[in-house]
Structure formats: structure tokens, C-alpha cells
$ cat structure.cif   # mmCIF, C-alpha atoms
data_coords
#
loop_
_atom_site.label_atom_id
_atom_site.label_comp_id
_atom_site.auth_asym_id
_atom_site.auth_seq_id
_atom_site.Cartn_x
_atom_site.Cartn_y
_atom_site.Cartn_z
CA MET N 1 118.04 112.19 71.54
CA SER N 2 118.55 109.77 68.65
CA PRO N 3 116.82 106.41 68.90
CA ARG N 4 118.68 103.64 70.69
CA ARG N 5 119.50 100.62 68.56
CA ILE N 6 118.28 97.26 69.82
CA MET N 7 119.12 93.93 68.23
CA ILE N 8 116.55 91.16 68.74
CA VAL N 9 117.88 87.63 68.25
CA ASP N 10 115.17 84.98 68.37
CA ASP N 11 114.12 82.22 65.99
CA ASP N 12 110.45 82.56 66.96
CA GLU N 13 108.60 85.15 64.91
CA SER N 14 105.86 85.70 67.50
CA VAL N 15 108.42 86.42 70.23
CA ARG N 16 110.24 88.84 67.95
CA SER N 17 106.90 90.57 67.35
CA LEU N 18 106.26 90.80 71.12
CA LEU N 19 109.70 92.30 71.69
CA ARG N 20 109.26 94.79 68.83
CA MET N 21 105.88 95.88 70.20
CA THR N 22 107.37 96.22 73.70
CA LEU N 23 109.76 98.91 72.48
CA PRO N 24 107.95 102.23 71.86
CA ASP N 25 107.99 103.57 68.30
CA GLY N 26 110.41 106.40 67.69
CA GLU N 27 112.51 105.71 70.77
CA TYR N 28 114.19 102.59 69.44
CA GLU N 29 115.59 101.36 66.15
CA ILE N 30 115.14 97.61 65.98
CA GLU N 31 117.12 95.08 64.05
CA ASP N 32 116.00 91.46 63.93
CA ALA N 33 118.11 88.36 63.61
CA THR N 34 116.58 84.90 63.45
CA ASP N 35 119.68 83.05 64.64
CA GLY N 36 123.12 83.54 66.09
CA GLU N 37 124.95 83.47 62.79
CA GLN N 38 122.82 86.28 61.40
CA ALA N 39 123.23 88.28 64.61
CA LEU N 40 127.02 88.05 64.51
CA ALA N 41 127.06 88.94 60.82
CA LEU N 42 124.95 92.05 61.51
CA LEU N 43 127.23 92.94 64.39
CA ALA N 44 130.17 93.10 62.01
CA ASN N 45 128.46 95.98 60.18
CA HIS N 46 127.34 98.02 63.15
CA VAL N 47 127.04 97.59 66.88
CA PRO N 48 123.68 98.05 68.60
CA ASP N 49 123.22 99.68 71.99
CA LEU N 50 121.72 96.53 73.50
CA VAL N 51 120.97 92.93 72.49
CA LEU N 52 117.93 90.82 73.41
CA LEU N 53 119.10 87.25 72.99
CA ASP N 54 117.18 83.99 72.91
CA TRP N 55 118.97 81.05 74.51
CA LYS N 56 117.67 77.91 72.78
CA MET N 57 117.94 78.47 69.04
CA PRO N 58 118.65 76.28 66.04
CA GLY N 59 122.26 76.44 64.94
CA ARG N 60 124.51 78.35 67.29
CA HIS N 61 123.22 78.15 70.87
CA GLY N 62 122.56 81.39 72.72
CA SER N 63 125.45 80.71 75.09
CA LEU N 64 127.88 80.63 72.15
CA VAL N 65 126.42 83.83 70.74
CA LEU N 66 126.65 85.51 74.15
CA ASP N 67 130.27 84.42 74.50
CA GLU N 68 131.13 85.85 71.09
CA LEU N 69 129.20 89.10 71.68
CA LYS N 70 131.02 89.70 74.95
CA ARG N 71 134.40 88.81 73.45
CA ARG N 72 133.93 91.36 70.68
CA HIS N 73 132.18 94.03 72.76
CA PRO N 74 132.57 93.53 76.51
CA GLN N 75 130.55 96.65 77.35
CA LEU N 76 127.59 95.77 75.11
CA PRO N 77 124.56 95.05 77.35
CA VAL N 78 122.94 91.69 76.65
CA ILE N 79 119.62 90.47 78.07
CA VAL N 80 118.99 86.75 77.70
CA LEU N 81 115.38 85.57 77.43
CA THR N 82 114.85 81.87 77.90
CA ALA N 83 112.27 79.18 78.57
CA GLU N 84 114.88 77.02 80.29
CA VAL N 85 114.06 76.05 83.86
CA ALA N 86 117.34 74.50 85.07
CA GLU N 87 119.59 76.71 87.18
CA HIS N 88 122.54 75.47 85.13
CA HIS N 89 121.62 77.85 82.32
CA ARG N 90 121.57 80.94 84.52
CA SER N 91 124.95 79.98 85.98
CA LEU N 92 126.38 79.50 82.51
CA ALA N 93 125.02 82.85 81.30
CA GLU N 94 126.40 84.61 84.38
CA SER N 95 129.80 83.04 83.82
CA LEU N 96 129.68 84.53 80.31
CA LYS N 97 128.95 87.99 81.77
CA VAL N 98 125.28 88.30 80.80
CA ASP N 99 123.80 91.56 82.06
CA VAL N 100 120.30 90.24 82.77
CA PHE N 101 118.90 86.71 82.54
CA LEU N 102 115.08 86.52 82.27
CA THR N 103 112.88 83.45 82.04
CA LYS N 104 109.74 83.19 79.90
CA PRO N 105 107.05 84.17 80.37
CA PHE N 106 108.29 87.65 81.19
CA SER N 107 106.62 91.01 81.73
CA PRO N 108 107.16 93.28 78.69
CA LEU N 109 106.79 96.39 80.82
CA GLU N 110 109.37 95.17 83.32
CA LEU N 111 111.63 94.23 80.42
CA LEU N 112 111.29 97.77 79.05
CA GLU N 113 112.25 99.18 82.46
CA THR N 114 115.28 96.89 82.52
CA ILE N 115 116.31 97.99 79.02
CA GLU N 116 115.98 101.66 79.96
CA ARG N 117 117.98 101.07 83.14
CA LEU N 118 120.81 99.33 81.28
CA LEU N 119 120.90 101.99 78.56
CA GLY N 120 120.77 104.72 81.18
CA GLU N 121 123.94 103.35 82.71
CA ARG N 122 125.81 104.09 79.48
CA PRO N 123 126.40 107.42 77.71
CA VAL N 124 124.29 107.81 74.55
CA ASP N 125 127.18 108.01 72.10
CA GLU N 126 129.44 105.44 73.72
CA THR N 127 130.63 102.84 71.24
CA PRO N 128 130.35 99.39 72.82
CA MET D 1 119.55 64.08 87.00
CA SER D 2 120.42 67.06 89.16
CA ASP D 3 119.20 70.57 88.62
CA HIS D 4 122.70 71.53 87.56
CA GLU D 5 122.75 69.18 84.57
CA PRO D 6 120.97 70.13 81.35
CA ASN D 7 118.11 67.77 80.43
CA PRO D 8 117.45 67.98 76.65
CA GLN D 9 113.91 66.58 76.87
CA LEU D 10 112.90 68.96 79.65
CA SER D 11 114.51 71.82 77.75
CA THR D 12 112.45 71.03 74.64
CA LEU D 13 109.23 70.66 76.65
CA ALA D 14 109.84 73.95 78.46
CA HIS D 15 110.50 75.67 75.13
CA GLU D 16 107.36 74.26 73.49
CA LEU D 17 105.12 75.28 76.41
CA LYS D 18 106.65 78.52 77.56
CA THR D 19 107.25 80.20 74.21
CA PRO D 20 103.53 80.48 73.27
CA LEU D 21 102.71 81.21 76.92
CA ALA D 22 105.18 84.10 76.88
CA VAL D 23 103.47 85.50 73.77
CA ILE D 24 100.01 85.26 75.36
CA VAL D 25 101.07 86.71 78.72
CA GLY D 26 103.20 89.41 77.12
CA PHE D 27 100.65 90.67 74.62
CA ALA D 28 97.89 90.54 77.27
CA GLU D 29 100.00 92.85 79.43
CA LEU D 30 100.66 95.22 76.52
CA LEU D 31 96.92 95.29 75.74
CA GLY D 32 96.22 96.38 79.30
CA ALA D 33 98.88 99.09 79.21
CA ARG D 34 98.44 100.59 75.74
CA ASP D 35 95.39 101.80 73.95
CA ASP D 36 96.36 102.01 70.29
CA GLU D 37 95.03 100.23 67.23
CA ARG D 38 98.38 98.75 66.21
CA THR D 39 98.84 97.04 69.59
CA ARG D 40 95.25 95.77 69.58
CA LEU D 41 95.50 94.25 66.10
CA GLU D 42 98.90 92.65 66.63
CA ALA D 43 98.05 91.36 70.11
CA SER D 44 94.75 89.78 69.06
CA LYS D 45 96.43 88.04 66.13
CA ARG D 46 99.43 86.81 68.13
CA ILE D 47 97.40 85.71 71.16
CA ALA D 48 95.09 83.67 68.91
CA GLU D 49 98.05 82.03 67.14
CA ALA D 50 99.89 81.28 70.37
CA SER D 51 96.75 79.88 72.01
CA GLU D 52 96.30 77.49 69.12
CA ARG D 53 99.94 76.47 69.31
CA LEU D 54 99.72 75.89 73.06
CA ARG D 55 96.54 73.85 72.63
CA ASP D 56 98.27 71.64 70.05
CA VAL D 57 101.23 71.05 72.37
CA LEU D 58 98.93 70.16 75.27
CA ASP D 59 96.87 67.85 73.05
CA ASP D 60 100.06 66.07 71.97
CA LEU D 61 101.22 65.78 75.58
CA LEU D 62 97.88 64.43 76.78
CA THR D 63 97.80 61.93 73.92
CA GLY D 64 101.28 60.81 74.96
CA VAL D 65 100.25 60.48 78.58
CA ALA D 66 97.12 58.52 77.62
CA THR D 67 99.16 55.95 75.71
CA ASP D 68 102.04 55.77 78.20
CA LYS D 69 102.34 52.42 79.94
CA ASN D 70 104.47 53.60 82.86
CA ASP D 71 101.84 55.49 84.80
CA LEU D 72 103.13 58.83 83.58
CA GLY D 73 99.66 60.35 84.06
CA ALA D 74 99.64 59.57 87.78
CA ARG D 75 103.13 61.01 88.24
CA LEU D 76 102.18 64.17 86.37
CA VAL D 77 99.04 64.62 88.51
CA ASP D 78 101.21 64.18 91.62
CA ALA D 79 103.65 66.80 90.31
CA LEU D 80 100.78 69.22 89.60
CA ALA D 81 99.38 68.71 93.11
CA ALA D 82 102.81 69.28 94.66
CA GLY D 83 103.21 72.48 92.66
CA ARG D 84 99.79 73.74 93.80
CA ARG D 85 100.62 72.98 97.43
CA ALA D 86 103.93 74.82 97.15
CA ARG D 87 102.26 77.86 95.60
CA ASN D 88 99.52 77.87 98.26
CA GLN D 89 102.11 77.69 101.02
CA GLY D 90 103.99 80.53 99.38
CA GLN D 91 100.83 82.67 99.33
CA THR D 92 99.94 81.98 102.98
CA GLY D 93 103.47 81.69 104.38
#

$ encode --input "structure.cif" --output "C-alpha cells"
Amino acid sequence: MSPRRIMIVDDDESVRSLLRMTLPDGEYEIEDATDGEQALALLANHVPDLVLLDWKMPGRHGSLVLDELKRRHPQLPVIVLTAEVAEHHRSLAESLKVDVFLTKPFSPLELLETIERLLGERPVDETP
Amino acid sequence: MSDHEPNPQLSTLAHELKTPLAVIVGFAELLGARDDERTRLEASKRIAEASERLRDVLDDLLTGVATDKNDLGARLVDALAAGRRARNQGQTG
């Protein structure tokens, strides 16, 4: 099976490193974006199998990026990772059709299980 | 302010505290689950960096509390005690 493509969108380099290390070598191809603009620009070139999306970022807020991702590719699974504590944010993300909304700190191993579950729900060669 | 309304200050505080905490907790879990050199090297470096970052944030917060004239320290201690009580009740309930 060819590696699944994961896009990581987070302005924090240490969090991007944690997410990269969470995904086993050889099973995933990882593409990093440091903000929403970069993520959407990358998306214009090719579509990943799943997106890990930070919520509070400089520039375009995660909610705006999520909205745009789902407009362009409604079937593309998106996991939001956030430090926000107010329930408002979860409600907003759910209204924008987020697949999974996780709060920091999170368990990398549970995140990996969630990623595998979401990817398992879609055929390998399906174009989002 | 209700829980349904975004609070920019609380959002920034949560981000400053929880981002390095997520790095520490996350890499600690990976260290326990994987036994390879790459994970060990990256985790030790990132945990050290995040710990320093978290210490700086806490130092700044404590300095702010120490100079606050509105008894912020007492209210924070009350909030911490309430949180501990809630967690203890959750464990025994």
C-alpha cells in the first residue's frame, strides 16, 4: 500500500515535530504548512488524505481554513488540534463539519488510532 | 462572560500554557511506546525546550500575580483548590 499523505498545519515548530514523530516512517508522507495560507496554497497543487489543523494561528484562523478545506473537499478528513478551552470553539468546528476535534494536550498514540480509523473509512485511492 | 463566548485573553493564556505542555506530554508518551534512537533524540530535545518555555510562561504569570493589586493571587489559589476538589470528587465518585 502506498503511504497515506498527511498535511500538518501548525505555526508551532515543536508541535509539528511531535505530529511528524507520531506518524510512523514509511506509512505516511507528511507535508507541513506553518499557516492557513500556505496550507490552502499547497492544497491547490495536490490533495492530502487527511489534514491535522491547528485552530489558533497567526493570519487566517483555523476555523476559516477548515471552512475553506471543507468547501473545496467535503470528504477530506480534518482533525482539529487546539488549546482552546471554551465550548464555543468545538461547536463552531462541528458546525463547519470537522471530523474530530481534540484539545491539547493530546495522546499521540490515540491520535494515531484516530487517524487510522478515519483513513480506514475511506478507500485508498479515493480522491477527496 | 459565558462559556459560549470567546475570551481572547483566556485563549492566549491557554495557548501559551497548553502548547508546551502538549509537547512534553506527547513526547513523553512516544518515549514510553517507542524504543528507537531518533525518537529518543528528538523527544529529549523537544521536552527540554518545551519545559523551558513553560517555565518562562509560569514565571511571567507569577510575576504578574505578585504585582497585581486586585488580589488576583487569592482568586487563582481559590480556582486551583476548586479544581483539585472537582478532580478528587471525580476520582472517588

$ atom_distance --input "structure.cif" --atom1 "CA of Glu16 in chain D" --atom2 "CA of Ala93 in chain N"
21.1 Å

$ closest_residue --input "structure.cif" --among "N:Asp11, N:Glu27, N:Asp35, N:Glu68" --to "chain D" --atoms "all atoms listed in the file"
N:Asp11

$ closest_residue --input "structure.cif" --among "N:Leu96, N:Ala33, N:Val51, N:Met1" --to "Leu81 in chain N" --atoms "all atoms listed in the file"
N:Val51

$ closest_atom_pairs --input "structure.cif" --of "chain N" --to "chain D" --cutoff "9 Å" --atoms "all atoms listed in the file" --output "tab-separated table"
residue	atom	partner	partner_atom	distance
N:Asp12	CA	D:Thr19	CA	8.3
N:Ser14	CA	D:Arg46	CA	6.6
N:Val15	CA	D:Val23	CA	6.2
N:Ser17	CA	D:Glu42	CA	8.3
N:Leu18	CA	D:Val23	CA	6.5
N:Leu19	CA	D:Gly26	CA	8.9
N:Met21	CA	D:Thr39	CA	7.2
N:Thr22	CA	D:Leu30	CA	7.3
N:Lys56	CA	D:His15	CA	7.9
N:Thr82	CA	D:His15	CA	8.1
N:Ala83	CA	D:His15	CA	5.2
N:Glu84	CA	D:Ser11	CA	5.8
N:Val85	CA	D:Ala14	CA	7.2
N:Ala86	CA	D:Asp3	CA	5.6
N:Glu87	CA	D:His4	CA	6.1
N:His88	CA	D:His4	CA	4.6
N:His89	CA	D:Pro6	CA	7.8
N:Ser91	CA	D:His4	CA	8.9
N:Lys104	CA	D:Ala22	CA	5.5
N:Pro105	CA	D:Ala22	CA	4.0
N:Phe106	CA	D:Ala22	CA	6.4
N:Ser107	CA	D:Gly26	CA	6.0
N:Pro108	CA	D:Gly26	CA	5.8
N:Leu109	CA	D:Leu30	CA	7.6

$ closest_residue --input "structure.cif" --among "N:His73, N:Asp25, N:Leu50, N:Glu31" --to "Glu121 in chain N" --atoms "all atoms listed in the file"
N:Leu50

$ atom_distance --input "structure.cif" --atom1 "CA of Leu80 in chain D" --atom2 "CA of Val57 in chain D"
17.3 Å

$ residues_around --input "structure.cif" --residues "Asp99 in chain N" --least-positions-apart "5" --cutoff "6 Å" --atoms "all atoms listed in the file" --output "MDAnalysis selection string"
chainID N and resid 77:79

$ closest_residue --input "structure.cif" --among "N:Val100, N:Leu69, N:Leu64, N:Asp10" --to "Arg117 in chain N" --atoms "all atoms listed in the file"
N:Val100

$ atom_distance --input "structure.cif" --atom1 "CA of Ser95 in chain N" --atom2 "CA of Val65 in chain N"
13.5 Å

$ axis_aligned_box --input "structure.cif" --around "range 80-91 of chain D" --padding-each-side "8 Å" --output "AutoDock Vina command-line options"
--center_x 101.7 --center_y 75.7 --center_z 95.3 --size_x 20.6 --size_y 30.0 --size_z 27.4

$ resolve_selection --input "structure.cif" --expression "the PyMOL selection byres ((chain N and resi 8) around 6)" --output "count of residues only"
4

$ residues_around --input "structure.cif" --residues "range 60-63 of chain D" --least-positions-apart "5" --cutoff "9 Å" --atoms "all atoms listed in the file" --output "ChimeraX atom specification"
/D:55,68,73

$ resolve_selection --input "structure.cif" --expression "the PyMOL selection byres ((chain N and resi 5) around 8)" --output "JSON, numbers by chain"
{"N": [3, 4, 6, 7, 28, 29, 30, 31, 48, 49, 50]}

$ decode --input "structure.cif" --residues "range 78-127 of chain N" --atoms "N, CA and C atoms" --output "PDB file, in the first residue's frame"
ATOM      1  N   VAL N  78     -10.583  16.033   8.402  1.00  0.00           N
ATOM      2  CA  VAL N  78      -9.818  17.074   9.082  1.00  0.00           C
ATOM      3  C   VAL N  78      -9.926  16.861  10.592  1.00  0.00           C
ATOM      4  N   ILE N  79      -8.761  16.806  11.240  1.00  0.00           N
ATOM      5  CA  ILE N  79      -8.702  16.727  12.705  1.00  0.00           C
ATOM      6  C   ILE N  79      -8.181  18.063  13.210  1.00  0.00           C
ATOM      7  N   VAL N  80      -8.955  18.718  14.048  1.00  0.00           N
ATOM      8  CA  VAL N  80      -8.515  19.976  14.650  1.00  0.00           C
ATOM      9  C   VAL N  80      -7.869  19.683  15.998  1.00  0.00           C
ATOM     10  N   LEU N  81      -6.707  20.313  16.219  1.00  0.00           N
ATOM     11  CA  LEU N  81      -5.992  20.212  17.494  1.00  0.00           C
ATOM     12  C   LEU N  81      -5.913  21.609  18.081  1.00  0.00           C
ATOM     13  N   THR N  82      -6.424  21.777  19.293  1.00  0.00           N
ATOM     14  CA  THR N  82      -6.465  23.129  19.830  1.00  0.00           C
ATOM     15  C   THR N  82      -6.210  23.175  21.332  1.00  0.00           C
ATOM     16  N   ALA N  83      -5.698  24.321  21.777  1.00  0.00           N
ATOM     17  CA  ALA N  83      -5.530  24.553  23.208  1.00  0.00           C
ATOM     18  C   ALA N  83      -6.744  25.272  23.795  1.00  0.00           C
ATOM     19  N   GLU N  84      -7.687  25.632  22.957  1.00  0.00           N
ATOM     20  CA  GLU N  84      -8.848  26.388  23.425  1.00  0.00           C
ATOM     21  C   GLU N  84      -9.652  25.569  24.420  1.00  0.00           C
ATOM     22  N   VAL N  85     -10.186  26.259  25.431  1.00  0.00           N
ATOM     23  CA  VAL N  85     -10.953  25.557  26.459  1.00  0.00           C
ATOM     24  C   VAL N  85     -12.457  25.823  26.354  1.00  0.00           C
ATOM     25  N   ALA N  86     -12.862  26.893  25.692  1.00  0.00           N
ATOM     26  CA  ALA N  86     -14.283  27.241  25.644  1.00  0.00           C
ATOM     27  C   ALA N  86     -15.025  26.331  24.663  1.00  0.00           C
ATOM     28  N   GLU N  87     -16.206  25.917  25.092  1.00  0.00           N
ATOM     29  CA  GLU N  87     -17.035  25.005  24.297  1.00  0.00           C
ATOM     30  C   GLU N  87     -17.429  25.616  22.958  1.00  0.00           C
ATOM     31  N   HIS N  88     -17.444  26.950  22.929  1.00  0.00           N
ATOM     32  CA  HIS N  88     -17.786  27.677  21.703  1.00  0.00           C
ATOM     33  C   HIS N  88     -16.975  27.165  20.505  1.00  0.00           C
ATOM     34  N   HIS N  89     -15.701  26.901  20.733  1.00  0.00           N
ATOM     35  CA  HIS N  89     -14.827  26.524  19.621  1.00  0.00           C
ATOM     36  C   HIS N  89     -15.202  25.154  19.052  1.00  0.00           C
ATOM     37  N   ARG N  90     -15.524  24.223  19.948  1.00  0.00           N
ATOM     38  CA  ARG N  90     -15.935  22.890  19.482  1.00  0.00           C
ATOM     39  C   ARG N  90     -17.225  23.015  18.662  1.00  0.00           C
ATOM     40  N   SER N  91     -18.159  23.804  19.170  1.00  0.00           N
ATOM     41  CA  SER N  91     -19.440  23.975  18.460  1.00  0.00           C
ATOM     42  C   SER N  91     -19.209  24.566  17.076  1.00  0.00           C
ATOM     43  N   LEU N  92     -18.323  25.558  17.021  1.00  0.00           N
ATOM     44  CA  LEU N  92     -18.024  26.189  15.731  1.00  0.00           C
ATOM     45  C   LEU N  92     -17.408  25.171  14.763  1.00  0.00           C
ATOM     46  N   ALA N  93     -16.427  24.414  15.272  1.00  0.00           N
ATOM     47  CA  ALA N  93     -15.764  23.418  14.412  1.00  0.00           C
ATOM     48  C   ALA N  93     -16.775  22.376  13.929  1.00  0.00           C
ATOM     49  N   GLU N  94     -17.658  21.955  14.813  1.00  0.00           N
ATOM     50  CA  GLU N  94     -18.661  20.950  14.420  1.00  0.00           C
ATOM     51  C   GLU N  94     -19.617  21.514  13.378  1.00  0.00           C
ATOM     52  N   SER N  95     -19.937  22.801  13.516  1.00  0.00           N
ATOM     53  CA  SER N  95     -20.835  23.413  12.524  1.00  0.00           C
ATOM     54  C   SER N  95     -20.143  23.491  11.152  1.00  0.00           C
ATOM     55  N   LEU N  96     -18.811  23.472  11.165  1.00  0.00           N
ATOM     56  CA  LEU N  96     -18.048  23.520   9.913  1.00  0.00           C
ATOM     57  C   LEU N  96     -17.655  22.118   9.440  1.00  0.00           C
ATOM     58  N   LYS N  97     -18.264  21.114  10.072  1.00  0.00           N
ATOM     59  CA  LYS N  97     -18.106  19.706   9.637  1.00  0.00           C
ATOM     60  C   LYS N  97     -16.733  19.120   9.934  1.00  0.00           C
ATOM     61  N   VAL N  98     -16.108  19.551  11.043  1.00  0.00           N
ATOM     62  CA  VAL N  98     -14.844  18.917  11.434  1.00  0.00           C
ATOM     63  C   VAL N  98     -15.103  17.432  11.680  1.00  0.00           C
ATOM     64  N   ASP N  99     -14.096  16.602  11.397  1.00  0.00           N
ATOM     65  CA  ASP N  99     -14.270  15.169  11.641  1.00  0.00           C
ATOM     66  C   ASP N  99     -13.978  14.825  13.098  1.00  0.00           C
ATOM     67  N   VAL N 100     -12.898  15.386  13.628  1.00  0.00           N
ATOM     68  CA  VAL N 100     -12.540  15.149  15.032  1.00  0.00           C
ATOM     69  C   VAL N 100     -11.968  16.445  15.598  1.00  0.00           C
ATOM     70  N   PHE N 101     -12.362  16.775  16.824  1.00  0.00           N
ATOM     71  CA  PHE N 101     -11.893  17.991  17.492  1.00  0.00           C
ATOM     72  C   PHE N 101     -11.193  17.557  18.783  1.00  0.00           C
ATOM     73  N   LEU N 102      -9.877  17.743  18.848  1.00  0.00           N
ATOM     74  CA  LEU N 102      -9.097  17.308  20.013  1.00  0.00           C
ATOM     75  C   LEU N 102      -8.490  18.513  20.720  1.00  0.00           C
ATOM     76  N   THR N 103      -8.448  18.441  22.049  1.00  0.00           N
ATOM     77  CA  THR N 103      -7.832  19.533  22.801  1.00  0.00           C
ATOM     78  C   THR N 103      -6.446  19.109  23.285  1.00  0.00           C
ATOM     79  N   LYS N 104      -5.552  20.087  23.348  1.00  0.00           N
ATOM     80  CA  LYS N 104      -4.184  19.857  23.830  1.00  0.00           C
ATOM     81  C   LYS N 104      -4.183  19.929  25.361  1.00  0.00           C
ATOM     82  N   PRO N 105      -3.397  19.143  26.048  1.00  0.00           N
ATOM     83  CA  PRO N 105      -2.524  18.128  25.473  1.00  0.00           C
ATOM     84  C   PRO N 105      -3.318  16.907  25.022  1.00  0.00           C
ATOM     85  N   PHE N 106      -2.796  16.222  24.017  1.00  0.00           N
ATOM     86  CA  PHE N 106      -3.481  15.059  23.480  1.00  0.00           C
ATOM     87  C   PHE N 106      -2.517  13.869  23.516  1.00  0.00           C
ATOM     88  N   SER N 107      -3.086  12.676  23.397  1.00  0.00           N
ATOM     89  CA  SER N 107      -2.254  11.473  23.365  1.00  0.00           C
ATOM     90  C   SER N 107      -1.866  11.187  21.918  1.00  0.00           C
ATOM     91  N   PRO N 108      -0.564  11.174  21.589  1.00  0.00           N
ATOM     92  CA  PRO N 108      -0.154  10.877  20.213  1.00  0.00           C
ATOM     93  C   PRO N 108      -0.617   9.505  19.742  1.00  0.00           C
ATOM     94  N   LEU N 109      -0.602   8.531  20.649  1.00  0.00           N
ATOM     95  CA  LEU N 109      -0.989   7.178  20.231  1.00  0.00           C
ATOM     96  C   LEU N 109      -2.487   7.104  19.952  1.00  0.00           C
ATOM     97  N   GLU N 110      -3.271   7.819  20.765  1.00  0.00           N
ATOM     98  CA  GLU N 110      -4.712   7.866  20.481  1.00  0.00           C
ATOM     99  C   GLU N 110      -4.986   8.648  19.201  1.00  0.00           C
ATOM    100  N   LEU N 111      -4.194   9.698  18.983  1.00  0.00           N
ATOM    101  CA  LEU N 111      -4.346  10.452  17.731  1.00  0.00           C
ATOM    102  C   LEU N 111      -4.053   9.550  16.533  1.00  0.00           C
ATOM    103  N   LEU N 112      -2.999   8.739  16.645  1.00  0.00           N
ATOM    104  CA  LEU N 112      -2.653   7.834  15.542  1.00  0.00           C
ATOM    105  C   LEU N 112      -3.791   6.843  15.275  1.00  0.00           C
ATOM    106  N   GLU N 113      -4.388   6.338  16.344  1.00  0.00           N
ATOM    107  CA  GLU N 113      -5.545   5.430  16.177  1.00  0.00           C
ATOM    108  C   GLU N 113      -6.690   6.139  15.461  1.00  0.00           C
ATOM    109  N   THR N 114      -6.903   7.390  15.835  1.00  0.00           N
ATOM    110  CA  THR N 114      -7.987   8.172  15.215  1.00  0.00           C
ATOM    111  C   THR N 114      -7.703   8.396  13.733  1.00  0.00           C
ATOM    112  N   ILE N 115      -6.443   8.708  13.418  1.00  0.00           N
ATOM    113  CA  ILE N 115      -6.062   8.915  12.013  1.00  0.00           C
ATOM    114  C   ILE N 115      -6.297   7.626  11.218  1.00  0.00           C
ATOM    115  N   GLU N 116      -5.850   6.509  11.780  1.00  0.00           N
ATOM    116  CA  GLU N 116      -6.002   5.229  11.076  1.00  0.00           C
ATOM    117  C   GLU N 116      -7.477   4.881  10.900  1.00  0.00           C
ATOM    118  N   ARG N 117      -8.288   5.208  11.914  1.00  0.00           N
ATOM    119  CA  ARG N 117      -9.726   4.933  11.800  1.00  0.00           C
ATOM    120  C   ARG N 117     -10.340   5.770  10.679  1.00  0.00           C
ATOM    121  N   LEU N 118     -10.018   7.067  10.654  1.00  0.00           N
ATOM    122  CA  LEU N 118     -10.591   7.942   9.621  1.00  0.00           C
ATOM    123  C   LEU N 118     -10.143   7.524   8.227  1.00  0.00           C
ATOM    124  N   LEU N 119      -8.856   7.176   8.103  1.00  0.00           N
ATOM    125  CA  LEU N 119      -8.357   6.753   6.789  1.00  0.00           C
ATOM    126  C   LEU N 119      -8.935   5.405   6.392  1.00  0.00           C
ATOM    127  N   GLY N 120      -9.185   4.564   7.376  1.00  0.00           N
ATOM    128  CA  GLY N 120      -9.761   3.252   7.099  1.00  0.00           C
ATOM    129  C   GLY N 120     -11.186   3.326   6.608  1.00  0.00           C
ATOM    130  N   GLU N 121     -11.837   4.437   6.898  1.00  0.00           N
ATOM    131  CA  GLU N 121     -13.221   4.614   6.458  1.00  0.00           C
ATOM    132  C   GLU N 121     -13.294   5.034   5.002  1.00  0.00           C
ATOM    133  N   ARG N 122     -12.121   5.324   4.396  1.00  0.00           N
ATOM    134  CA  ARG N 122     -12.109   5.773   3.002  1.00  0.00           C
ATOM    135  C   ARG N 122     -11.250   4.839   2.165  1.00  0.00           C
ATOM    136  N   PRO N 123     -11.655   4.541   0.923  1.00  0.00           N
ATOM    137  CA  PRO N 123     -10.805   3.734   0.055  1.00  0.00           C
ATOM    138  C   PRO N 123      -9.467   4.422  -0.177  1.00  0.00           C
ATOM    139  N   VAL N 124      -8.415   3.628  -0.383  1.00  0.00           N
ATOM    140  CA  VAL N 124      -7.052   4.164  -0.502  1.00  0.00           C
ATOM    141  C   VAL N 124      -6.928   5.176  -1.633  1.00  0.00           C
ATOM    142  N   ASP N 125      -7.509   4.883  -2.782  1.00  0.00           N
ATOM    143  CA  ASP N 125      -7.283   5.730  -3.948  1.00  0.00           C
ATOM    144  C   ASP N 125      -8.376   6.757  -4.176  1.00  0.00           C
ATOM    145  N   GLU N 126      -9.265   6.901  -3.188  1.00  0.00           N
ATOM    146  CA  GLU N 126     -10.341   7.875  -3.364  1.00  0.00           C
ATOM    147  C   GLU N 126      -9.759   9.288  -3.391  1.00  0.00           C
ATOM    148  N   THR N 127     -10.177  10.071  -4.347  1.00  0.00           N
ATOM    149  CA  THR N 127      -9.757  11.470  -4.387  1.00  0.00           C
ATOM    150  C   THR N 127     -10.733  12.292  -3.564  1.00  0.00           C
TER     151      THR N 127
END
